[in-house]
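One structure is given below, encoded as structure tokens.
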Amino acid sequence: MKFFDQVKLHTKKIPRGRVASYGQIAAMISTPRAARMVGWCLHTMDGLSDVPWHRVINSKGYITTNCETHTSSVQKQLLEQEGVKFIKKDGLWWTDMKRYQWRSRESEV
């Protein structure tokens, strides 16, 4: 299966109200150093995609997108609709990964 297809497959597994990191998704598809590629793949999603791109954030809990299509405010709004809480920290939106990070058996490899 191609890399982008694997990213999409694993991102779809993240349940509502949970988040995963770019590196976590990369590790799940046996490419632990490909976090930026995961981000690029999710960047290609359009508004009609069924892939919940908004549930993937950086490993420290920050929303770090700078995409004009998928803005940080859109990502924050989508996650807040699912119950994820944010605060402004260091000029970025931050959430508590200990509370909201999705843990799957695959991501604990």
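Identifiers in the structure tokens: chain A, B, ... in order shown; residue index from 1 per chain; ligand index from 1 in order shown.
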List as an mmCIF file with N, CA and C atoms, in the first residue's frame the protein and nucleic acid residues near Met97 (chain A), meaning an atom at most 9 Å away when only C-alpha atoms are counted, but skip any in the same chain fewer than 5 places from it.
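out_14.cif written:
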data_model
loop_
_atom_site.group_PDB
_atom_site.id
_atom_site.type_symbol
_atom_site.label_atom_id
_atom_site.label_comp_id
_atom_site.auth_asym_id
_atom_site.auth_seq_id
_atom_site.Cartn_x
_atom_site.Cartn_y
_atom_site.Cartn_z
ATOM 1 N N VAL A 19 -6.856 13.021 19.457
ATOM 2 C CA VAL A 19 -5.868 13.496 18.489
ATOM 3 C C VAL A 19 -4.694 12.538 18.456
ATOM 4 N N ALA A 20 -3.946 12.599 17.378
ATOM 5 C CA ALA A 20 -2.699 11.846 17.240
ATOM 6 C C ALA A 20 -1.667 12.821 16.705
ATOM 7 N N SER A 59 3.366 16.763 18.192
ATOM 8 C CA SER A 59 3.548 15.851 19.333
ATOM 9 C C SER A 59 3.502 16.543 20.693
ATOM 10 N N LYS A 60 3.655 17.848 20.720
ATOM 11 C CA LYS A 60 3.597 18.584 21.987
ATOM 12 C C LYS A 60 2.195 19.098 22.279
ATOM 13 N N GLY A 61 1.264 18.860 21.343
ATOM 14 C CA GLY A 61 -0.119 19.275 21.550
ATOM 15 C C GLY A 61 -0.497 20.568 20.859
ATOM 16 N N TRP A 102 -4.911 9.884 21.274
ATOM 17 C CA TRP A 102 -5.428 8.552 20.974
ATOM 18 C C TRP A 102 -4.305 7.548 21.142
#
CA of Gln101 (chain A) and CA of Ser21 (chain A) are how many Å apart? 8.0 Å
Need the shell around Thr11 (chain A): protein/DNA/RNA residues with any atom at most 12 Å away, counting only C-alpha atoms. Skip same-chain ones fewer than 5 positions apart. Format as a PDB file with C-alpha atoms, in the first residue's frame?
ATOM      1  CA  PHE A   4      -0.352   8.379   1.391  1.00  0.00           C
ATOM      2  CA  ASP A   5      -2.954   5.601   1.414  1.00  0.00           C
ATOM      3  CA  GLN A   6      -1.559   4.275   4.692  1.00  0.00           C
ATOM      4  CA  ARG A  16     -13.860  11.712  17.587  1.00  0.00           C
ATOM      5  CA  ARG A  18      -9.037  12.340  20.223  1.00  0.00           C
ATOM      6  CA  VAL A  19      -5.868  13.496  18.489  1.00  0.00           C
ATOM      7  CA  ALA A  20      -2.699  11.846  17.240  1.00  0.00           C
ATOM      8  CA  SER A  21       0.648  13.337  16.340  1.00  0.00           C
ATOM      9  CA  TYR A  22       2.198  13.391  12.887  1.00  0.00           C
ATOM     10  CA  GLY A  23       5.039  11.244  14.217  1.00  0.00           C
ATOM     11  CA  GLN A  24       2.614   8.797  15.777  1.00  0.00           C
ATOM     12  CA  ILE A  25       0.936   8.222  12.416  1.00  0.00           C
ATOM     13  CA  ALA A  26       4.340   7.887  10.736  1.00  0.00           C
ATOM     14  CA  MET A  28       2.225   3.315  12.780  1.00  0.00           C
ATOM     15  CA  ILE A  29       3.131   2.844   9.126  1.00  0.00           C
ATOM     16  CA  VAL A  38       2.376  12.743   7.085  1.00  0.00           C
ATOM     17  CA  GLY A  39       1.720  16.469   7.381  1.00  0.00           C
ATOM     18  CA  CYS A  41      -0.276  14.090   2.922  1.00  0.00           C
ATOM     19  CA  LEU A  42      -2.910  15.584   5.214  1.00  0.00           C
ATOM     20  CA  MET A  45      -7.014  16.767   1.817  1.00  0.00           C
ATOM     21  CA  SER A  49     -12.476  14.200   2.113  1.00  0.00           C
ATOM     22  CA  ASP A  50     -13.690  11.694   4.684  1.00  0.00           C
ATOM     23  CA  VAL A  51     -10.222  11.683   6.291  1.00  0.00           C
ATOM     24  CA  PRO A  52     -10.331  13.544   9.632  1.00  0.00           C
ATOM     25  CA  TRP A  53      -7.089  15.474   8.953  1.00  0.00           C
ATOM     26  CA  HIS A  54      -7.910  17.861  11.794  1.00  0.00           C
ATOM     27  CA  ARG A  55      -7.276  15.145  14.408  1.00  0.00           C
ATOM     28  CA  VAL A  56      -3.526  15.126  13.711  1.00  0.00           C
ATOM     29  CA  ILE A  57      -1.453  17.753  15.522  1.00  0.00           C
ATOM     30  CA  TRP A 102      -5.428   8.552  20.974  1.00  0.00           C
ATOM     31  CA  SER A 104      -3.889   2.403  19.796  1.00  0.00           C
ATOM     32  CA  SER A 107       0.927   3.463  17.976  1.00  0.00           C
TER      33      SER A 107
END
How many Å separate CA of Val84 (chain A) from CA of Phe3 (chain A)?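 Calculated distance between CA of Val84 (chain A) and CA of Phe3 (chain A) is 28.0 Å.
Our summary of the geometry notes that CA of Ser72 (chain A) is positioned 27.6 Å from CA of Lys2 (chain A).
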